[in-house]
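S.K.: Enclosed is the structure file protein-v7.tsv (TSV, C-alpha atoms).
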```tsv
chain	number	residue	atom	x	y	z
A	1	MET	CA	0.00	0.00	0.00
A	2	LYS	CA	2.85	2.37	0.94
A	3	GLN	CA	4.68	1.44	-2.27
A	4	HIS	CA	1.55	2.25	-4.32
A	5	LYS	CA	1.27	5.73	-2.74
A	6	TRP	CA	4.97	6.33	-3.42
A	7	ILE	CA	4.52	5.48	-7.11
A	8	GLN	CA	1.52	7.87	-7.32
A	9	LEU	CA	3.62	10.68	-5.79
A	10	VAL	CA	6.45	10.16	-8.30
A	11	LEU	CA	4.03	10.13	-11.24
A	12	GLY	CA	2.40	13.37	-9.95
A	13	LEU	CA	5.75	15.12	-9.72
A	14	LEU	CA	6.71	14.03	-13.24
A	15	LEU	CA	3.38	15.24	-14.66
A	16	THR	CA	3.77	18.64	-12.92
A	17	ALA	CA	7.29	19.05	-14.33
A	18	LEU	CA	6.05	18.31	-17.86
A	19	VAL	CA	3.22	20.88	-17.57
A	20	LEU	CA	5.54	23.58	-16.28
A	21	ASP	CA	8.05	22.87	-19.03
A	22	ALA	CA	5.33	23.30	-21.65
A	23	CYS	CA	4.18	26.61	-20.17
A	24	THR	CA	7.48	28.32	-19.43
A	25	PHE	CA	7.57	32.11	-19.24
A	26	SER	CA	10.00	34.83	-18.16
A	27	VAL	CA	9.56	37.99	-16.09
A	28	GLU	CA	11.72	41.05	-16.74
A	29	ILE	CA	12.33	43.22	-13.69
A	30	VAL	CA	12.97	46.84	-14.60
A	31	SER	CA	14.82	48.87	-12.00
A	32	THR	CA	13.50	52.37	-11.37
A	33	PRO	CA	14.87	55.25	-9.30
A	34	SER	CA	14.15	54.99	-5.61
A	35	VAL	CA	11.12	57.01	-4.56
A	36	GLN	CA	10.37	58.26	-1.08
A	37	VAL	CA	6.66	58.22	-0.32
A	38	THR	CA	5.13	60.17	2.54
A	39	SER	CA	1.52	60.93	3.39
A	40	THR	CA	0.35	64.53	3.03
A	41	PHE	CA	-2.70	66.22	4.50
A	42	LEU	CA	-4.88	68.65	2.58
A	43	PRO	CA	-8.03	70.49	3.66
A	44	THR	CA	-11.26	68.50	3.80
A	45	GLY	CA	-12.77	67.92	0.39
A	46	THR	CA	-9.45	67.64	-1.49
A	47	MET	CA	-7.95	64.46	-0.06
A	48	SER	CA	-8.60	60.88	-1.07
A	49	PRO	CA	-7.38	57.65	0.56
A	50	ASP	CA	-4.69	57.13	-2.10
A	51	PHE	CA	-3.28	60.67	-1.90
A	52	LEU	CA	0.52	60.54	-1.88
A	53	THR	CA	3.40	62.99	-1.83
A	54	ILE	CA	6.35	61.73	-3.86
A	55	ASN	CA	9.88	63.11	-3.59
A	56	ALA	CA	11.65	61.64	-6.59
A	57	PRO	CA	15.20	62.04	-7.92
A	58	SER	CA	15.76	63.41	-11.40
A	59	PRO	CA	17.19	60.64	-13.60
A	60	THR	CA	18.80	61.38	-16.92
A	61	ALA	CA	17.15	60.19	-20.11
A	62	THR	CA	19.64	57.34	-20.48
A	63	GLU	CA	19.12	55.74	-17.06
A	64	PHE	CA	16.29	53.52	-18.22
A	65	ALA	CA	14.30	52.79	-21.34
A	66	LEU	CA	10.85	54.31	-21.56
A	67	PRO	CA	7.94	52.05	-22.50
A	68	ALA	CA	6.18	52.70	-25.80
A	69	SER	CA	2.97	53.07	-23.81
A	70	SER	CA	1.57	52.31	-20.38
A	71	ALA	CA	-1.51	50.34	-19.47
A	72	THR	CA	-4.32	52.86	-19.13
A	73	PRO	CA	-6.38	52.32	-15.98
A	74	THR	CA	-10.15	52.29	-16.03
A	75	LEU	CA	-11.13	55.85	-15.16
A	76	ILE	CA	-14.36	57.77	-14.78
A	77	SER	CA	-14.29	60.69	-17.20
A	78	ILE	CA	-14.38	64.25	-15.91
A	79	ARG	CA	-17.82	65.44	-17.05
A	80	ALA	CA	-20.46	67.88	-15.93
A	81	ASP	CA	-22.20	65.15	-13.91
A	82	THR	CA	-19.03	63.71	-12.31
A	83	THR	CA	-17.12	66.83	-11.23
A	84	PRO	CA	-18.47	66.70	-7.64
A	85	MET	CA	-16.43	63.48	-7.22
A	86	LEU	CA	-13.15	65.10	-8.32
A	87	GLU	CA	-10.29	64.60	-5.83
A	88	ILE	CA	-6.53	65.00	-5.63
A	89	VAL	CA	-4.93	61.55	-5.74
A	90	TRP	CA	-1.24	62.37	-6.04
A	91	ASN	CA	1.18	65.27	-5.84
A	92	VAL	CA	4.84	65.84	-6.44
A	93	GLN	CA	7.43	68.57	-6.07
A	94	ALA	CA	8.54	69.20	-9.65
A	95	GLY	CA	11.06	72.02	-9.69
A	96	GLU	CA	11.13	75.74	-9.07
A	97	MET	CA	7.85	76.94	-10.59
A	98	ILE	CA	5.24	75.21	-12.76
A	99	ARG	CA	4.29	77.22	-15.83
A	100	THR	CA	3.07	74.52	-18.20
A	101	LEU	CA	1.58	71.01	-18.07
A	102	ALA	CA	0.73	68.64	-20.94
A	103	PHE	CA	-0.64	65.09	-21.19
A	104	THR	CA	0.18	62.51	-23.84
A	105	PRO	CA	-2.81	61.67	-26.08
A	106	ASP	CA	-3.43	58.42	-24.18
A	107	GLY	CA	-3.36	60.27	-20.85
A	108	THR	CA	-0.71	58.05	-19.23
A	109	VAL	CA	2.22	60.51	-19.16
A	110	LEU	CA	2.29	64.09	-17.86
A	111	ALA	CA	4.99	66.62	-18.77
A	112	SER	CA	5.72	69.48	-16.36
A	113	ALA	CA	8.07	72.44	-16.80
A	114	GLY	CA	8.59	76.11	-16.06
A	115	GLY	CA	11.34	77.58	-13.97
A	116	ASN	CA	12.10	81.11	-12.89
A	117	SER	CA	15.77	81.90	-12.28
A	118	SER	CA	16.86	78.30	-12.91
A	119	ASP	CA	15.50	74.74	-13.25
A	120	PHE	CA	14.61	74.90	-16.94
A	121	VAL	CA	14.03	71.15	-17.08
A	122	ILE	CA	11.13	69.15	-18.50
A	123	ARG	CA	10.00	66.30	-16.27
A	124	LEU	CA	7.90	63.40	-17.54
A	125	TRP	CA	5.72	61.51	-15.10
A	126	ASP	CA	3.99	58.14	-15.36
A	127	VAL	CA	0.59	59.05	-13.90
A	128	VAL	CA	-0.56	55.43	-13.84
A	129	ASN	CA	2.24	54.28	-11.53
A	130	ASN	CA	2.98	57.71	-9.98
A	131	GLN	CA	6.67	57.86	-10.82
A	132	LEU	CA	9.18	60.04	-12.62
A	133	LEU	CA	10.12	58.57	-16.00
A	134	THR	CA	12.83	60.89	-17.26
A	135	THR	CA	13.93	64.51	-17.71
A	136	LEU	CA	14.74	66.59	-20.78
A	137	ASP	CA	17.38	69.27	-20.32
A	138	GLY	CA	18.24	71.74	-23.07
A	139	HIS	CA	16.49	75.08	-22.56
A	140	ALA	CA	18.38	78.05	-21.12
A	141	GLY	CA	15.33	80.06	-20.01
A	142	ILE	CA	11.77	79.80	-18.70
A	143	ILE	CA	9.70	77.12	-20.44
A	144	TRP	CA	6.32	78.73	-21.05
A	145	SER	CA	4.36	76.07	-22.91
A	146	MET	CA	4.48	72.47	-24.16
A	147	ALA	CA	2.42	70.28	-26.49
A	148	PHE	CA	2.47	66.61	-27.50
A	149	SER	CA	1.92	65.63	-31.12
A	150	PRO	CA	-1.41	63.85	-31.80
A	151	ASP	CA	0.36	60.49	-32.19
A	152	GLY	CA	2.24	61.04	-28.93
A	153	SER	CA	5.70	60.58	-30.45
A	154	LEU	CA	6.91	64.19	-30.17
A	155	LEU	CA	6.91	66.85	-27.46
A	156	ALA	CA	7.34	70.52	-28.38
A	157	SER	CA	8.47	73.10	-25.80
A	158	VAL	CA	8.91	76.88	-26.11
A	159	SER	CA	11.03	79.17	-23.99
A	160	SER	CA	12.21	82.67	-23.18
A	161	ASP	CA	15.57	81.55	-24.60
A	162	GLN	CA	14.04	82.32	-28.03
A	163	THR	CA	13.80	78.70	-29.11
A	164	ALA	CA	11.24	75.99	-29.65
A	165	LYS	CA	12.59	72.48	-29.14
A	166	ILE	CA	11.12	69.29	-30.55
A	167	TRP	CA	11.83	66.14	-28.56
A	168	ASP	CA	11.64	62.41	-29.16
A	169	TRP	CA	10.75	62.22	-25.49
A	170	ARG	CA	10.61	58.44	-25.18
A	171	ASN	CA	14.27	58.16	-26.17
A	172	GLY	CA	15.37	61.45	-24.59
A	173	LEU	CA	16.51	62.86	-27.93
A	174	LEU	CA	16.37	66.45	-29.20
A	175	VAL	CA	14.99	66.26	-32.74
A	176	LYS	CA	15.02	69.93	-33.76
A	177	THR	CA	15.65	73.43	-32.40
A	178	LEU	CA	13.74	76.31	-34.01
A	179	GLU	CA	15.09	79.82	-33.38
A	180	PHE	CA	13.08	83.06	-33.12
A	181	PRO	CA	13.69	86.84	-32.84
A	182	GLY	CA	12.34	86.99	-29.26
A	183	GLU	CA	10.87	84.81	-26.56
A	184	VAL	CA	8.24	82.26	-27.60
A	185	VAL	CA	5.48	81.46	-25.13
A	186	SER	CA	2.83	79.26	-26.77
A	187	VAL	CA	2.84	76.13	-28.93
A	188	SER	CA	0.30	73.78	-30.51
A	189	PHE	CA	0.24	70.90	-32.98
A	190	SER	CA	-2.50	70.85	-35.59
A	191	PRO	CA	-5.06	68.05	-35.02
A	192	ASP	CA	-3.71	66.07	-37.99
A	193	GLY	CA	-0.15	66.37	-36.65
A	194	GLN	CA	1.14	67.87	-39.90
A	195	SER	CA	1.79	71.41	-38.62
A	196	LEU	CA	3.31	73.03	-35.54
A	197	ALA	CA	2.31	76.55	-34.46
A	198	VAL	CA	4.60	78.65	-32.25
A	199	GLY	CA	3.59	82.04	-30.82
A	200	GLY	CA	5.86	84.73	-29.43
A	201	VAL	CA	7.72	88.01	-29.84
A	202	ASP	CA	8.80	89.17	-33.28
A	203	GLU	CA	11.30	91.88	-34.22
A	204	ILE	CA	10.54	95.42	-33.04
A	205	LYS	CA	9.49	97.68	-35.92
A	206	ASN	CA	9.03	101.46	-35.64
A	207	GLN	CA	9.29	101.16	-31.84
A	208	VAL	CA	6.29	98.83	-31.81
A	209	GLN	CA	6.70	95.38	-30.23
A	210	HIS	CA	5.38	93.01	-32.83
A	211	ALA	CA	4.46	89.40	-32.26
A	212	ALA	CA	3.57	86.49	-34.50
A	213	VAL	CA	2.51	82.90	-34.81
A	214	TRP	CA	4.88	80.88	-36.97
A	215	THR	CA	3.80	77.55	-38.43
A	216	TYR	CA	6.07	74.73	-39.59
A	217	SER	CA	5.71	71.49	-41.48
A	218	VAL	CA	6.23	68.63	-39.02
A	219	GLY	CA	9.07	66.37	-40.12
A	220	SER	CA	10.86	68.72	-42.50
A	221	TRP	CA	10.46	71.65	-40.06
A	222	GLN	CA	10.24	74.04	-42.98
A	223	PRO	CA	8.33	77.31	-42.30
A	224	LEU	CA	4.80	77.54	-43.65
A	225	ILE	CA	2.78	80.67	-42.72
A	226	LYS	CA	3.50	83.60	-40.41
A	227	PHE	CA	0.43	85.07	-38.68
A	228	PRO	CA	1.05	88.68	-37.45
A	229	GLU	CA	0.05	89.97	-34.00
A	230	TYR	CA	1.28	92.50	-31.41
A	231	ILE	CA	3.27	92.41	-28.15
A	232	ASP	CA	3.12	88.65	-27.42
A	233	VAL	CA	0.99	85.54	-28.03
A	234	ALA	CA	-0.02	83.93	-24.73
A	235	ALA	CA	-3.18	82.30	-26.12
A	236	LEU	CA	-2.91	79.83	-29.00
A	237	ALA	CA	-5.16	77.00	-30.18
A	238	TYR	CA	-6.23	75.07	-33.27
A	239	SER	CA	-9.89	74.26	-33.80
A	240	PRO	CA	-10.69	70.53	-33.48
A	241	ARG	CA	-10.71	70.00	-37.26
A	242	GLY	CA	-7.69	72.23	-37.80
A	243	GLY	CA	-9.34	74.71	-40.15
A	244	THR	CA	-9.02	77.63	-37.73
A	245	LEU	CA	-6.11	78.95	-35.68
A	246	ILE	CA	-6.54	81.49	-32.88
A	247	GLY	CA	-3.73	83.47	-31.26
A	248	GLY	CA	-2.95	86.60	-29.31
A	249	GLY	CA	-3.86	87.80	-25.84
A	250	THR	CA	-1.17	90.17	-24.62
A	251	SER	CA	-2.42	92.86	-26.98
A	252	ARG	CA	-5.94	92.35	-25.51
A	253	ASN	CA	-6.92	90.88	-28.87
A	254	VAL	CA	-7.30	87.27	-29.93
A	255	GLN	CA	-7.07	86.86	-33.69
A	256	VAL	CA	-9.03	84.23	-35.59
A	257	TRP	CA	-7.25	83.07	-38.78
A	258	ARG	CA	-7.84	80.53	-41.49
A	259	ALA	CA	-5.12	77.99	-40.86
A	260	ASN	CA	-4.50	77.04	-44.51
A	261	ASP	CA	-3.71	80.51	-45.87
A	262	GLY	CA	-3.37	82.87	-42.86
A	263	LYS	CA	-6.39	85.01	-43.73
A	264	GLN	CA	-7.69	86.94	-40.71
A	265	VAL	CA	-11.37	86.18	-40.13
A	266	TYR	CA	-12.22	87.95	-36.85
A	267	THR	CA	-10.64	89.83	-33.97
A	268	LEU	CA	-11.94	89.00	-30.50
A	269	ASN	CA	-11.48	92.27	-28.57
A	270	HIS	CA	-11.09	92.28	-24.78
A	271	ALA	CA	-10.88	94.99	-22.13
A	272	HIS	CA	-7.76	93.41	-20.63
A	273	GLN	CA	-5.05	90.93	-21.55
A	274	VAL	CA	-5.94	87.32	-22.26
A	275	SER	CA	-3.94	84.64	-20.45
A	276	LYS	CA	-5.12	81.52	-22.28
A	277	ALA	CA	-7.81	80.39	-24.69
A	278	ALA	CA	-9.56	77.08	-25.38
A	279	ILE	CA	-11.87	75.89	-28.16
A	280	SER	CA	-14.73	73.50	-27.36
A	281	PRO	CA	-14.49	69.94	-28.79
A	282	ASP	CA	-17.33	70.64	-31.25
A	283	GLY	CA	-15.55	73.79	-32.50
A	284	SER	CA	-18.47	76.10	-31.68
A	285	THR	CA	-17.14	78.11	-28.74
A	286	VAL	CA	-13.95	79.93	-27.73
A	287	ALA	CA	-13.33	80.52	-24.03
A	288	THR	CA	-10.80	83.24	-23.18
A	289	ALA	CA	-9.28	83.65	-19.70
A	290	THR	CA	-8.93	87.27	-18.64
A	291	CYS	CA	-9.58	89.97	-16.04
A	292	ILE	CA	-12.94	91.74	-15.92
A	293	THR	CA	-12.38	94.47	-13.31
A	294	VAL	CA	-9.14	96.32	-12.54
A	295	VAL	CA	-8.70	98.56	-9.47
A	296	ASN	CA	-5.45	100.51	-8.93
A	297	ALA	CA	-3.72	98.49	-11.66
A	298	GLU	CA	-4.63	95.21	-9.92
A	299	CYS	CA	-7.20	92.67	-11.09
A	300	SER	CA	-10.00	92.63	-8.53
A	301	GLU	CA	-12.29	90.30	-10.51
A	302	GLY	CA	-11.32	87.68	-13.04
A	303	GLY	CA	-13.54	86.09	-15.62
A	304	VAL	CA	-14.02	84.10	-18.80
A	305	TRP	CA	-15.39	85.50	-22.04
A	306	LEU	CA	-17.30	83.10	-24.28
A	307	TRP	CA	-17.33	83.63	-28.04
A	308	ASP	CA	-19.23	82.03	-30.90
A	309	LEU	CA	-16.38	80.87	-33.13
A	310	PRO	CA	-18.25	80.73	-36.48
A	311	SER	CA	-19.48	84.33	-36.14
A	312	GLY	CA	-16.91	85.90	-33.82
A	313	LYS	CA	-19.67	87.30	-31.58
A	314	LEU	CA	-19.42	87.55	-27.80
A	315	ILE	CA	-21.90	85.18	-26.13
A	316	ARG	CA	-21.49	86.07	-22.46
A	317	LYS	CA	-19.05	86.76	-19.63
A	318	LEU	CA	-18.52	84.45	-16.65
A	319	ARG	CA	-17.62	86.50	-13.58
A	320	GLY	CA	-16.88	86.11	-9.90
A	321	PHE	CA	-13.22	85.07	-9.67
A	322	PRO	CA	-11.15	86.82	-6.96
A	323	ASN	CA	-8.18	87.21	-9.32
A	324	VAL	CA	-7.30	87.08	-13.00
A	325	VAL	CA	-8.28	83.80	-14.69
A	326	GLU	CA	-5.12	82.25	-16.05
A	327	ASN	CA	-6.30	78.90	-17.40
A	328	VAL	CA	-9.36	77.50	-19.17
A	329	ALA	CA	-10.09	74.01	-20.49
A	330	PHE	CA	-13.08	72.08	-21.79
A	331	SER	CA	-13.75	68.53	-20.65
A	332	ALA	CA	-13.02	65.88	-23.26
A	333	ASP	CA	-16.73	65.36	-23.98
A	334	GLY	CA	-17.42	69.11	-24.10
A	335	SER	CA	-20.05	68.97	-21.33
A	336	SER	CA	-18.07	71.06	-18.88
A	337	LEU	CA	-15.81	74.13	-18.86
A	338	LEU	CA	-13.11	74.52	-16.21
A	339	ALA	CA	-11.74	77.97	-15.40
A	340	ALA	CA	-8.98	78.60	-12.84
A	341	SER	CA	-7.75	81.89	-11.41
A	342	ARG	CA	-4.30	82.78	-10.13
A	343	ASP	CA	-5.29	82.36	-6.46
A	344	GLY	CA	-6.29	78.71	-7.02
A	345	THR	CA	-10.06	79.09	-7.40
A	346	MET	CA	-11.48	76.61	-9.93
A	347	HIS	CA	-15.04	76.82	-11.26
A	348	PHE	CA	-16.75	74.16	-13.37
A	349	TYR	CA	-19.61	75.19	-15.67
A	350	THR	CA	-22.11	73.05	-17.58
A	351	THR	CA	-21.69	74.07	-21.22
A	352	SER	CA	-25.35	73.47	-22.04
A	353	ASN	CA	-26.21	76.83	-20.47
A	354	TYR	CA	-23.21	78.11	-18.42
A	355	ASP	CA	-25.70	79.15	-15.73
A	356	GLY	CA	-23.70	79.02	-12.52
A	357	GLN	CA	-20.92	76.74	-11.41
A	358	THR	CA	-21.60	73.02	-11.17
A	359	PHE	CA	-18.85	72.70	-8.58
A	360	ASP	CA	-16.01	74.74	-7.07
A	361	PHE	CA	-12.57	73.60	-5.97
A	362	ASN	CA	-9.38	75.20	-4.75
A	363	SER	CA	-6.02	74.22	-6.17
A	364	PRO	CA	-3.47	74.13	-3.31
A	365	GLY	CA	-0.93	76.96	-3.42
A	366	GLY	CA	-2.60	78.76	-6.32
A	367	ASN	CA	-2.81	77.88	-9.98
A	368	SER	CA	-0.10	78.68	-12.51
A	369	ALA	CA	-0.74	75.81	-14.94
A	370	LEU	CA	-3.53	73.39	-15.79
A	371	ALA	CA	-4.16	70.50	-18.18
A	372	VAL	CA	-6.94	67.97	-18.76
A	373	SER	CA	-5.93	64.63	-20.27
A	374	PRO	CA	-7.34	64.07	-23.78
A	375	ASP	CA	-9.20	60.97	-22.58
A	376	GLY	CA	-10.85	62.99	-19.81
A	377	GLY	CA	-9.53	60.79	-17.02
A	378	PHE	CA	-7.13	63.18	-15.30
A	379	LEU	CA	-6.76	66.84	-14.39
A	380	ALA	CA	-3.35	68.26	-13.51
A	381	THR	CA	-2.68	71.58	-11.80
A	382	GLY	CA	0.59	73.29	-10.88
A	383	ASN	CA	1.55	76.23	-8.69
A	384	ASN	CA	4.26	78.84	-8.19
A	385	SER	CA	6.00	76.72	-5.56
A	386	GLY	CA	6.76	73.95	-8.04
A	387	ALA	CA	4.09	71.49	-6.89
A	388	VAL	CA	2.03	69.42	-9.34
A	389	TYR	CA	-1.31	67.93	-8.30
A	390	LEU	CA	-3.08	65.10	-10.10
A	391	TRP	CA	-6.87	64.93	-9.85
A	392	LYS	CA	-9.34	62.26	-10.94
A	393	ILE	CA	-12.92	61.21	-10.32
A	394	VAL	CA	-13.13	59.02	-7.21
A	395	TYR	CA	-16.37	57.16	-6.60
A	396	HIS	CA	-17.27	56.49	-2.96
A	397	PRO	CA	-20.17	53.98	-2.77
```
Take the structure from the file and write it as structure tokens.
M.R.:
Amino acid sequence: MKQHKWIQLVLGLLLTALVLDACTFSVEIVSTPSVQVTSTFLPTGTMSPDFLTINAPSPTATEFALPASSATPTLISIRADTTPMLEIVWNVQAGEMIRTLAFTPDGTVLASAGGNSSDFVIRLWDVVNNQLLTTLDGHAGIIWSMAFSPDGSLLASVSSDQTAKIWDWRNGLLVKTLEFPGEVVSVSFSPDGQSLAVGGVDEIKNQVQHAAVWTYSVGSWQPLIKFPEYIDVAALAYSPRGGTLIGGGTSRNVQVWRANDGKQVYTLNHAHQVSKAAISPDGSTVATATCITVVNAECSEGGVWLWDLPSGKLIRKLRGFPNVVENVAFSADGSSLLAASRDGTMHFYTTSNYDGQTFDFNSPGGNSALAVSPDGGFLATGNNSGAVYLWKIVYHP
């Protein structure tokens, strides 16, 4: 009887070995920079159970290979009906001052940059795993704006060092440097990825500070059309189908041009300078971030002006911000408009009528930069102290 059980045991072990041999696999362990994680407290209403503060080192681009893409988690989209569930889920100290944020098209990687007197470095963050991927170092001045190409392969950055740089960010390679007469502060790829628009300061003529938007053919980087403006171009955006380009802001005007030939269609006139502009996903509405009331040279009330893009007519003004509105963005589905003022106040509006805020939040430490991921899953905000906050919809049953 004992001998029979022994034979059964041997046969079982042999069968197990054969099955494992037929189903062999390997696991590759990728080393990443060490990350110190500490819990951080925020005021009630902004903290979620998985809120983390991450103090990460700054690896060079050659320390590890970047993945072609990351697994996108299942997220609830930021919409008019889900904004009350928006919470901060992660934050990180990302340099001296945050002036620009940009998501990859798939929403898995966030680029942050800015600087003031130093730290002109672009940092790329894996927002799925909450870790620093790599850094891009090459600018010699403040980085004002960044944009990813529609296919996610390229990252464009513009700076006060009078250059725009095009990066193969996954491999940490500088593809092209474009040079300009003055600082350049805004950048955008066309929706089809064939053109790059860069806005900034042009040469001074007759003691007038001119500005322009320059467009280039992506790949050859040959110049296409130059769109004239004045002073500087803080606001820049392509319409969703790419037929229209808007730019301007510092002159208190936002120009509306035909993208294919540079013909000026409308001028959107404002009482004060425009910080940023956004076009709704359906291409019907332009939202411009500005100041509405100035007292003793200081903005005492910020607001958003809404324009009908096809006609160039002013629709209405959204008021009630305690400071100048510096950032605006539409949700990916177009159901909601987010506006954020310098002090950190964030208002969400339902775009069906814009009657009152659907929900209000406060971005810790103020708001100097803002981005919504193209898939609608994440919101990122940055402040003057160099902190970046990642927000998402958190459902509490």
S.K.: Give me, as a ChimeraX atom specification, all polymer residues having an atom no more than 8 Å from range 141-151 of chain A, counting only C-alpha atoms and skipping those fewer than 5 positions away in the same chain.
M.R.: /A:99-105,111,113-118,120,156-161,184-189,191-193
S.K.: In terms of the shortest atom-to-atom distance over only C-alpha atoms, which of A:Gly376, A:Pro84, A:Gln207, A:Arg123 is closest to Ile98 in chain A?
M.R.: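 Once distances to Ile98 in chain A are computed over only C-alpha atoms, the minimum belongs to A:Arg123.
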S.K.: Smallest atom-to-atom distance to Leu268 in chain A: which of A:Gly200, A:Gly138, A:Gly95, A:Pro310, using all atoms listed in the file?
M.R.: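 Answer, going by the shortest atom-to-atom distance: A:Pro310.
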S.K.: For Leu110 in chain A, work out the shell of residues within 12 Å, counting all atoms listed in the file and skipping chain neighbours fewer than 5 positions away, then give it as a ChimeraX atom specification.
M.R.: /A:92,94,100-105,122-135,146-148,152,155,169,370-374,378-382,388-390
S.K.: Which residue gives the smallest distance to Val325 in chain A among A:Thr351, A:Ser251, A:Ser280, A:Ser275, with all atoms listed in the file counted?
M.R.: A:Ser275
S.K.: Can you tell me how far CA of Val218 in chain A sits from CA of Leu196 in chain A, in Å to one decimal?
M.R.: 6.3 Å
